[in-house]
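Chemist: TSV, C-alpha atoms and all ligand atoms, saved as protein.tsv, coming up:
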```tsv
chain	number	residue	atom	x	y	z
A	157	MET	CA	103.17	57.17	78.83
A	158	ALA	CA	101.34	56.90	75.50
A	159	VAL	CA	97.90	55.57	74.66
A	160	ILE	CA	98.31	52.97	71.93
A	161	ALA	CA	95.32	51.58	70.01
A	162	THR	CA	95.62	48.09	68.57
A	163	ILE	CA	93.49	47.23	65.54
A	164	SER	CA	92.63	43.57	65.13
A	165	SER	CA	91.18	42.87	61.69
A	166	SER	CA	90.92	39.13	61.21
A	167	PRO	CA	87.40	37.71	61.06
A	168	SER	CA	88.68	34.57	62.82
A	169	THR	CA	88.03	33.99	66.52
A	170	THR	CA	91.15	31.80	66.65
A	171	SER	CA	93.23	34.34	64.79
A	172	ARG	CA	96.99	33.95	64.47
A	173	THR	CA	97.19	37.66	63.68
A	174	ASP	CA	95.53	38.35	67.05
A	175	ALA	CA	98.08	36.10	68.72
A	176	VAL	CA	100.88	38.24	67.27
A	177	LEU	CA	99.02	41.43	68.18
A	178	GLY	CA	98.55	40.17	71.75
A	179	ASP	CA	102.29	39.58	71.99
A	180	LEU	CA	103.00	43.13	70.77
A	181	ALA	CA	100.39	44.57	73.16
A	182	GLN	CA	102.17	42.88	76.08
A	183	ARG	CA	105.52	44.31	74.98
A	184	VAL	CA	103.99	47.79	74.77
A	185	GLN	CA	102.34	47.45	78.21
A	186	ARG	CA	105.61	46.24	79.73
A	187	ALA	CA	107.17	49.46	78.41
A	188	GLY	CA	104.61	51.41	80.51
A	189	HIS	CA	102.05	52.37	77.86
A	190	VAL	CA	98.27	51.96	77.89
A	191	VAL	CA	96.70	49.74	75.22
A	192	HIS	CA	93.18	50.28	73.82
A	193	PRO	CA	92.14	47.26	71.75
A	194	ILE	CA	89.82	47.76	68.76
A	195	VAL	CA	88.49	44.41	67.53
A	196	LEU	CA	86.86	44.97	64.17
A	197	ARG	CA	85.03	41.62	63.94
A	198	ASP	CA	83.07	42.62	67.07
A	199	LEU	CA	81.62	45.68	65.32
A	200	PRO	CA	78.07	45.29	64.00
A	201	ALA	CA	78.29	44.10	60.38
A	202	GLN	CA	75.45	46.03	58.78
A	203	PRO	CA	76.39	49.51	60.05
A	204	LEU	CA	80.03	48.76	59.20
A	205	LEU	CA	79.19	47.75	55.62
A	206	ARG	CA	76.81	50.67	55.25
A	207	ALA	CA	79.57	53.02	56.46
A	208	ASP	CA	77.32	54.24	59.26
A	209	ALA	CA	79.89	56.22	61.22
A	210	GLU	CA	77.13	57.51	63.54
A	211	HIS	CA	76.37	54.03	64.93
A	212	ASP	CA	77.33	53.95	68.63
A	213	ASP	CA	79.74	50.99	68.42
A	214	ILE	CA	81.45	52.30	65.33
A	215	ALA	CA	81.66	55.84	66.67
A	216	ARG	CA	83.18	54.42	69.89
A	217	ALA	CA	85.83	52.51	67.92
A	218	ALA	CA	86.64	55.57	65.80
A	219	CYS	CA	86.83	57.69	68.97
A	220	ALA	CA	89.23	55.21	70.64
A	221	LEU	CA	91.44	55.49	67.57
A	222	GLU	CA	91.21	59.29	67.49
A	223	ARG	CA	92.26	59.55	71.15
A	224	ALA	CA	95.28	57.29	70.74
A	225	ASP	CA	98.81	58.65	70.33
A	226	ALA	CA	99.83	55.67	68.23
A	227	VAL	CA	98.35	52.57	66.66
A	228	ILE	CA	99.38	49.03	65.82
A	229	VAL	CA	97.43	47.91	62.75
A	230	SER	CA	97.37	44.14	62.27
A	231	THR	CA	95.81	42.16	59.45
A	232	PRO	CA	95.91	38.71	57.88
A	233	VAL	CA	97.00	38.82	54.23
A	234	TYR	CA	93.97	38.13	52.06
A	235	LYS	CA	94.31	37.92	48.29
A	236	ALA	CA	97.78	39.47	48.53
A	237	ALA	CA	96.46	42.49	50.44
A	238	TYR	CA	94.77	43.22	53.80
A	239	SER	CA	91.44	41.98	55.09
A	240	GLY	CA	88.12	43.35	53.85
A	241	LEU	CA	87.21	43.97	57.49
A	242	LEU	CA	90.12	46.39	57.82
A	243	LYS	CA	89.21	48.10	54.54
A	244	ALA	CA	85.60	48.56	55.68
A	245	PHE	CA	86.79	50.25	58.89
A	246	LEU	CA	89.45	52.44	57.25
A	247	ASP	CA	86.85	53.58	54.72
A	248	LEU	CA	84.83	55.05	57.58
A	249	LEU	CA	87.65	57.29	58.75
A	250	PRO	CA	88.18	60.86	57.56
A	251	GLN	CA	91.12	61.59	55.27
A	252	THR	CA	93.16	62.61	58.33
A	253	GLY	CA	92.04	59.60	60.39
A	254	LEU	CA	95.60	58.85	61.57
A	255	LYS	CA	96.76	62.46	61.98
A	256	ASP	CA	99.59	62.92	64.52
A	257	LYS	CA	99.81	59.18	65.12
A	258	VAL	CA	102.73	56.83	64.83
A	259	VAL	CA	101.67	53.60	63.13
A	260	LEU	CA	103.14	50.10	63.24
A	261	PRO	CA	101.83	47.80	60.45
A	262	ILE	CA	101.82	44.04	61.08
A	263	ALA	CA	100.54	41.21	58.86
A	264	THR	CA	100.39	37.44	58.98
A	265	GLY	CA	100.15	35.32	55.85
A	266	GLY	CA	100.37	31.79	54.58
A	267	SER	CA	103.00	32.36	51.92
A	268	PRO	CA	106.40	34.10	52.10
A	269	ALA	CA	105.68	35.14	48.51
A	270	HIS	CA	103.32	37.75	49.96
A	271	VAL	CA	105.70	39.32	52.45
A	272	LEU	CA	105.52	42.51	50.36
A	273	ALA	CA	101.83	42.94	51.19
A	274	VAL	CA	102.83	44.94	54.28
A	275	ASP	CA	104.62	47.54	52.17
A	276	TYR	CA	102.76	47.57	48.85
A	277	ALA	CA	99.19	47.14	50.12
A	278	LEU	CA	98.89	48.04	53.82
A	279	ARG	CA	101.42	50.89	54.06
A	280	PRO	CA	99.97	53.02	51.23
A	281	VAL	CA	96.43	52.97	52.59
A	282	LEU	CA	97.72	53.88	56.07
A	283	ALA	CA	99.89	56.66	54.59
A	284	SER	CA	96.80	58.13	52.91
A	285	LEU	CA	95.32	58.77	56.37
A	286	ALA	CA	98.04	61.30	57.29
A	287	PRO	CA	99.96	59.61	60.15
A	288	SER	CA	102.99	61.41	61.56
A	289	ALA	CA	105.09	58.29	60.88
A	290	ILE	CA	104.74	54.68	59.81
A	291	THR	CA	107.59	52.71	61.33
A	292	PRO	CA	108.96	49.51	59.72
A	293	GLY	CA	106.38	46.73	59.80
A	294	TRP	CA	106.71	42.97	59.85
A	295	PHE	CA	105.14	39.99	58.04
A	296	VAL	CA	104.77	36.88	60.19
A	297	LEU	CA	104.26	33.51	58.52
A	298	ALA	CA	101.20	31.70	59.84
A	299	SER	CA	103.45	28.66	60.40
A	300	GLU	CA	105.53	30.73	62.85
A	301	VAL	CA	102.53	31.08	65.20
A	302	THR	CA	101.21	28.09	67.14
A	303	ARG	CA	98.15	28.19	69.34
A	304	LEU	CA	98.71	25.94	72.35
A	305	ASP	CA	96.16	24.71	74.88
A	306	GLU	CA	94.38	27.14	77.20
A	307	GLY	CA	94.83	30.13	74.90
A	308	GLU	CA	98.63	30.10	75.14
A	309	VAL	CA	100.51	31.09	72.00
A	310	SER	CA	103.98	30.23	70.81
A	311	ILE	CA	105.77	32.50	68.33
A	312	ALA	CA	108.84	31.04	66.63
A	313	ASP	CA	112.18	32.73	67.33
A	314	SER	CA	112.42	33.60	63.62
A	315	ALA	CA	109.46	35.97	64.15
A	316	ALA	CA	109.92	36.90	67.83
A	317	GLY	CA	113.28	38.62	67.21
A	318	PRO	CA	112.07	40.86	64.35
A	319	LEU	CA	108.83	41.62	66.24
A	320	ALA	CA	110.85	42.79	69.24
A	321	GLU	CA	112.95	45.01	66.96
A	322	VAL	CA	110.00	46.62	65.10
A	323	THR	CA	108.33	47.24	68.48
A	324	ARG	CA	111.48	48.92	69.80
A	325	VAL	CA	111.69	51.21	66.75
A	326	PHE	CA	107.95	51.96	67.01
A	327	LEU	CA	108.19	52.87	70.72
A	328	ASP	CA	111.21	55.10	70.07
A	329	ALA	CA	109.16	56.95	67.43
A	330	VAL	CA	106.20	57.20	69.85
A	331	ALA	CA	108.47	58.69	72.54
A	332	GLY	CA	109.84	61.21	70.01
A	333	SER	CA	106.34	62.15	68.92
A	334	LEU	CA	105.22	62.73	72.54
A	335	LEU	CA	108.23	64.98	73.14
A	336	VAL	CA	107.41	67.05	70.05
A	337	ALA	CA	103.74	67.35	71.14
A	338	ALA	CA	104.80	68.44	74.65
A	339	ALA	CA	107.23	71.04	73.23
A	340	ASP	CA	104.48	72.37	70.91
A	341	ALA	CA	102.04	72.62	73.83
A	342	ALA	CA	104.63	74.44	75.98
A	343	HIS	CA	105.37	76.83	73.10
A	344	ARG	CA	101.67	77.59	72.58
A	345	GLY	CA	101.27	78.17	76.35
A	346	GLU	CA	104.22	80.59	76.31
A	347	LEU	CA	102.75	82.52	73.38
A	348	LEU	CA	99.39	82.71	75.16
A	349	THR	CA	101.04	84.01	78.36
A	350	ARG	CA	102.90	86.67	76.36
A	351	SER	CA	99.76	87.80	74.53
A	352	VAL	CA	97.84	88.07	77.84
A	353	ALA	CA	100.74	90.09	79.34
A	354	VAL	CA	100.75	92.47	76.34
A	355	ALA	CA	96.94	92.96	76.41
B	401	LIG	C1	90.28	34.32	52.20
B	401	LIG	C2	91.74	34.10	52.48
B	401	LIG	C3	92.68	34.61	51.61
B	401	LIG	C4	94.06	34.44	51.86
B	401	LIG	N1	94.96	34.95	50.98
B	401	LIG	C5	96.28	34.85	51.24
B	401	LIG	C6	97.24	35.43	50.36
B	401	LIG	O1	96.93	36.00	49.33
B	401	LIG	N2	98.55	35.34	50.71
B	401	LIG	C7	98.97	34.68	51.85
B	401	LIG	O2	100.18	34.66	52.12
B	401	LIG	N3	98.07	34.12	52.71
B	401	LIG	C8	96.75	34.19	52.43
B	401	LIG	N4	95.83	33.61	53.27
B	401	LIG	C9	96.31	32.95	54.51
B	401	LIG	C10	96.20	33.88	55.71
B	401	LIG	O3	96.77	35.15	55.47
B	401	LIG	C11	96.94	33.31	56.93
B	401	LIG	O4	96.46	32.01	57.21
B	401	LIG	C12	96.79	34.22	58.12
B	401	LIG	O5	97.75	33.89	59.10
B	401	LIG	C13	95.40	34.09	58.74
B	401	LIG	O6	95.34	34.96	59.84
B	401	LIG	P1	94.22	34.81	60.98
B	401	LIG	O7	94.43	33.48	61.66
B	401	LIG	O8	94.50	35.95	61.86
B	401	LIG	O9	92.89	34.93	60.30
B	401	LIG	C14	94.47	33.74	53.04
B	401	LIG	C15	93.50	33.21	53.90
B	401	LIG	C16	92.17	33.39	53.64
B	401	LIG	C17	91.14	32.83	54.59
```
Now, as a test, write the supplied structure out as structure tokens.
Ligand SMILES: Cc1cc2nc3c(=O)[nH]c(=O)nc-3n(C[C@H](O)[C@H](O)[C@H](O)COP(=O)(O)O)c2cc1C
Modeler:
Amino acid sequence: MAVIATISSSPSTTSRTDAVLGDLAQRVQRAGHVVHPIVLRDLPAQPLLRADAEHDDIARAACALERADAVIVSTPVYKAAYSGLLKAFLDLLPQTGLKDKVVLPIATGGSPAHVLAVDYALRPVLASLAPSAITPGWFVLASEVTRLDEGEVSIADSAAGPLAEVTRVFLDAVAGSLLVAAADAAHRGELLTRSVAVA
């Protein structure tokens, strides 16, 4: 079982990106993992913009991210890139803010012309934070997501299929990363036992 943080970075309270993220979170939970949501628009604006990493709410969000084994980063495409809210949060993280984590990048946008934003804007900034892997992401067209009554969401088949596939690849990478971490821990334990025996 892995702990997976989800980063929601749309300022909108009726966010289509959140609808997609919610769908992915359910898939991840169904696979037996624990999800820790980080909703950036709920962070206090002034400390966020002043890069006050010591502020309780911001420190808590950064800590939730640090403790996670993996993270799904979702953003609406704004001006052919990611949201300013996401940038403000990523700017608060240390240079190794995604160390040892597997990352799944997801974006929604209004125009298929900006499908590349996932790979030319979002992926590089995530890569700069030293993740262990960034698995293939997906761009969902806003028109593929419909908010129905009572908070229900419908995601068109054209997006649901690829989202299922990128989630599968992401979870395979998470499982591989947990195995490597467990093998490393066992190896360190063995070395410690040997050094105690020698002493
Ligand atoms: C300020 C702003 C800038 C946007 N810029 C782009 C853009 O450059 N390319 C694009 O495809 N969509 C753009 N859009 C559309 C949004 O990416 C799209 O509607 C997205 O699904 C909104 O996600 P949300 O409902 O989670 O906020 C923009 C929307 C806003 C409000």
Chemist: Of the candidates A:Ala355, A:Ala338, A:Val296, A:Leu248, which shows the shortest atom-to-atom distance to ligand LIG 401 (chain B), using only C-alpha atoms and all ligand atoms?
Modeler: A:Val296
Chemist: Using only C-alpha atoms and all ligand atoms, determine which residues fall within 8 Å of ligand LIG 401 (chain B), then list them as a ChimeraX atom specification.
Modeler: /A:165-175,231-237,263-271,296-299
Chemist: Might you pull out every residue within 9 Å of Ala181 (chain A), with only C-alpha atoms counted and same-chain residues fewer than 5 positions away left off, and present them as a list in words?
Modeler: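 Using only C-alpha atoms, the neighbours found are Ile160, Thr162, Val176, Arg186, Val191, Pro193 and Ile228 of chain A.
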Chemist: To one decimal place in Å, what is the distance between CA of Val274 (chain A) and CA of Val229 (chain A)?
Modeler: 10.5 Å
Chemist: Taking 6 positions as the minimum chain separation for residues in the same chain, which residues sit within 8 Å of Ala244 (chain A) when counting only C-alpha atoms? Answer as an mmCIF file with C-alpha atoms, in the frame of the given file.
Modeler:
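Result went into result01.cif, see below:
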```cif
data_model
loop_
_atom_site.group_PDB
_atom_site.id
_atom_site.type_symbol
_atom_site.label_atom_id
_atom_site.label_comp_id
_atom_site.auth_asym_id
_atom_site.auth_seq_id
_atom_site.Cartn_x
_atom_site.Cartn_y
_atom_site.Cartn_z
ATOM 1 C CA LEU A 204 80.030 48.760 59.200
ATOM 2 C CA LEU A 205 79.190 47.750 55.620
ATOM 3 C CA ALA A 207 79.570 53.020 56.460
#
```
Chemist: Using all atoms listed in the file, find all polymer residues with an atom at most 12 Å away from the point (78.0, 51.6, 59.3); report them as a compact mmCIF listing (two decimals) with C-alpha atoms, in the frame of the given file.
Modeler:
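Output file part-v6.txt follows:
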```
# COMPACT_ATOMS: atom_id res chain seq x y z
CA LEU A 199 81.62 45.68 65.32
CA PRO A 200 78.07 45.29 64.00
CA ALA A 201 78.29 44.10 60.38
CA GLN A 202 75.45 46.03 58.78
CA PRO A 203 76.39 49.51 60.05
CA LEU A 204 80.03 48.76 59.20
CA LEU A 205 79.19 47.75 55.62
CA ARG A 206 76.81 50.67 55.25
CA ALA A 207 79.57 53.02 56.46
CA ASP A 208 77.32 54.24 59.26
CA ALA A 209 79.89 56.22 61.22
CA GLU A 210 77.13 57.51 63.54
CA HIS A 211 76.37 54.03 64.93
CA ASP A 212 77.33 53.95 68.63
CA ASP A 213 79.74 50.99 68.42
CA ILE A 214 81.45 52.30 65.33
CA ALA A 215 81.66 55.84 66.67
CA ALA A 217 85.83 52.51 67.92
CA ALA A 218 86.64 55.57 65.80
CA ALA A 244 85.60 48.56 55.68
CA PHE A 245 86.79 50.25 58.89
CA LEU A 246 89.45 52.44 57.25
CA ASP A 247 86.85 53.58 54.72
CA LEU A 248 84.83 55.05 57.58
CA LEU A 249 87.65 57.29 58.75
```
Chemist: A:Ala158, A:Leu282, A:Tyr238, A:Leu177: which is nearest Ala316 (chain A), counting all atoms listed in the file?
Modeler: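 Among the listed residues, the smallest separation from Ala316 (chain A) belongs to A:Leu177.
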Chemist: Provide the CA of Ala224 (chain A) to CA of Phe295 (chain A) distance in Å, to one decimal place.
Modeler: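 CA of Phe295 (chain A) lies 23.6 Å from CA of Ala224 (chain A).
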Chemist: Write out as an MDAnalysis selection string the residues lying within 8 Å of Pro292 (chain A), counting all atoms listed in the file and excluding same-chain residues fewer than 6 positions away.
Modeler: chainID A and resid 260:261 322 325:326
Chemist: One decimal, in Å: what's the spacing between CA of Val336 (chain A) and CA of Ser288 (chain A)?
Modeler: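 Here the two named atoms are 11.1 Å from each other.
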Chemist: Name the closest residue to Val301 (chain A) among the candidates A:Leu347, A:Arg223, A:Leu272, A:Gly178; distances are taken between atoms, counting all atoms listed in the file.
Modeler: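 For Val301 (chain A), the nearest of the given residues is A:Gly178.
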Chemist: Let me have the centre and edge lengths in Å, one decimal, of the box along x, y and z around every listed atom of region 212-231 of chain A with 3 Å of margin on each side, as JSON.
Modeler:
```
{"center_x": 88.6, "center_y": 50.9, "center_z": 65.3, "size_x": 28.5, "size_y": 23.4, "size_z": 17.7}
```
Chemist: Between A:Cys219, A:Ala226, A:Leu278, A:Ala353, which is the closest to Gly240 (chain A) once you count only C-alpha atoms?
Modeler: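 Closest residue, counting only C-alpha atoms: A:Leu278.
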Chemist: Which residue, A:Val330, A:Ser230, A:Glu321, A:Gly188, has the smallest gap to Arg279 (chain A) when you use only C-alpha atoms?
Modeler: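 Result for the nearest residue to Arg279 (chain A): A:Ser230.
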Chemist: For region 254-265 of chain A, where the input has fewer atoms than it should, I would like all heavy atoms rebuilt and written as an mmCIF file, keeping the file's coordinate frame.
Modeler:
```cif
data_model
loop_
_atom_site.group_PDB
_atom_site.id
_atom_site.type_symbol
_atom_site.label_atom_id
_atom_site.label_comp_id
_atom_site.auth_asym_id
_atom_site.auth_seq_id
_atom_site.Cartn_x
_atom_site.Cartn_y
_atom_site.Cartn_z
ATOM 1 N N LEU A 254 94.445 59.268 60.760
ATOM 2 C CA LEU A 254 95.600 58.850 61.570
ATOM 3 C C LEU A 254 96.528 60.035 61.870
ATOM 4 O O LEU A 254 97.705 59.849 62.194
ATOM 5 C CB LEU A 254 96.381 57.738 60.847
ATOM 6 C CG LEU A 254 95.637 56.404 60.690
ATOM 7 C CD1 LEU A 254 96.458 55.432 59.837
ATOM 8 C CD2 LEU A 254 95.323 55.780 62.044
ATOM 9 N N LYS A 255 95.954 61.232 61.794
ATOM 10 C CA LYS A 255 96.760 62.460 61.980
ATOM 11 C C LYS A 255 97.489 62.439 63.335
ATOM 12 O O LYS A 255 96.899 62.057 64.351
ATOM 13 C CB LYS A 255 95.832 63.671 61.936
ATOM 14 C CG LYS A 255 96.535 64.992 61.895
ATOM 15 C CD LYS A 255 95.521 66.088 61.621
ATOM 16 C CE LYS A 255 96.139 67.461 61.544
ATOM 17 N NZ LYS A 255 96.876 67.871 62.706
ATOM 18 N N ASP A 256 98.749 62.821 63.313
ATOM 19 C CA ASP A 256 99.590 62.920 64.520
ATOM 20 C C ASP A 256 99.855 61.582 65.194
ATOM 21 O O ASP A 256 100.275 61.549 66.358
ATOM 22 C CB ASP A 256 98.981 63.890 65.549
ATOM 23 C CG ASP A 256 98.914 65.313 65.026
ATOM 24 O OD1 ASP A 256 99.773 65.657 64.191
ATOM 25 O OD2 ASP A 256 98.017 66.062 65.445
ATOM 26 N N LYS A 257 99.577 60.494 64.502
ATOM 27 C CA LYS A 257 99.810 59.180 65.120
ATOM 28 C C LYS A 257 100.983 58.466 64.471
ATOM 29 O O LYS A 257 101.191 58.565 63.270
ATOM 30 C CB LYS A 257 98.561 58.302 64.978
ATOM 31 C CG LYS A 257 97.386 58.878 65.737
ATOM 32 C CD LYS A 257 96.183 58.007 65.638
ATOM 33 C CE LYS A 257 94.916 58.810 65.851
ATOM 34 N NZ LYS A 257 94.989 59.837 66.902
ATOM 35 N N VAL A 258 101.686 57.725 65.326
ATOM 36 C CA VAL A 258 102.730 56.830 64.830
ATOM 37 C C VAL A 258 102.067 55.470 64.612
ATOM 38 O O VAL A 258 101.282 55.022 65.461
ATOM 39 C CB VAL A 258 103.874 56.721 65.856
ATOM 40 C CG1 VAL A 258 104.939 55.750 65.368
ATOM 41 C CG2 VAL A 258 104.482 58.092 66.123
ATOM 42 N N VAL A 259 102.366 54.843 63.486
ATOM 43 C CA VAL A 259 101.670 53.600 63.130
ATOM 44 C C VAL A 259 102.682 52.463 62.912
ATOM 45 O O VAL A 259 103.716 52.652 62.265
ATOM 46 C CB VAL A 259 100.855 53.795 61.828
ATOM 47 C CG1 VAL A 259 100.123 52.514 61.451
ATOM 48 C CG2 VAL A 259 99.864 54.937 61.986
ATOM 49 N N LEU A 260 102.349 51.318 63.472
ATOM 50 C CA LEU A 260 103.140 50.100 63.240
ATOM 51 C C LEU A 260 102.271 49.089 62.490
ATOM 52 O O LEU A 260 101.265 48.622 63.028
ATOM 53 C CB LEU A 260 103.580 49.504 64.589
ATOM 54 C CG LEU A 260 104.204 48.094 64.565
ATOM 55 C CD1 LEU A 260 105.424 48.030 63.655
ATOM 56 C CD2 LEU A 260 104.585 47.661 65.984
ATOM 57 N N PRO A 261 102.620 48.777 61.221
ATOM 58 C CA PRO A 261 101.830 47.800 60.450
ATOM 59 C C PRO A 261 102.363 46.371 60.629
ATOM 60 O O PRO A 261 103.560 46.139 60.529
ATOM 61 C CB PRO A 261 102.009 48.266 59.005
ATOM 62 C CG PRO A 261 103.277 49.057 58.974
ATOM 63 C CD PRO A 261 103.665 49.412 60.397
ATOM 64 N N ILE A 262 101.452 45.450 60.862
ATOM 65 C CA ILE A 262 101.820 44.040 61.080
ATOM 66 C C ILE A 262 100.861 43.162 60.255
ATOM 67 O O ILE A 262 99.652 43.419 60.229
ATOM 68 C CB ILE A 262 101.655 43.661 62.578
ATOM 69 C CG1 ILE A 262 102.646 44.433 63.449
ATOM 70 C CG2 ILE A 262 101.781 42.150 62.798
ATOM 71 C CD1 ILE A 262 104.108 44.040 63.276
ATOM 72 N N ALA A 263 101.404 42.135 59.592
ATOM 73 C CA ALA A 263 100.540 41.210 58.860
ATOM 74 C C ALA A 263 100.985 39.772 59.123
ATOM 75 O O ALA A 263 102.155 39.528 59.421
ATOM 76 C CB ALA A 263 100.600 41.499 57.364
ATOM 77 N N THR A 264 100.028 38.856 59.027
ATOM 78 C CA THR A 264 100.390 37.440 58.980
ATOM 79 C C THR A 264 99.877 36.893 57.647
ATOM 80 O O THR A 264 98.873 37.378 57.120
ATOM 81 C CB THR A 264 99.774 36.600 60.119
ATOM 82 O OG1 THR A 264 98.370 36.426 59.879
ATOM 83 C CG2 THR A 264 100.000 37.229 61.478
ATOM 84 N N GLY A 265 100.577 35.901 57.118
ATOM 85 C CA GLY A 265 100.150 35.320 55.850
ATOM 86 C C GLY A 265 100.634 33.901 55.707
ATOM 87 O O GLY A 265 101.550 33.469 56.429
#
```
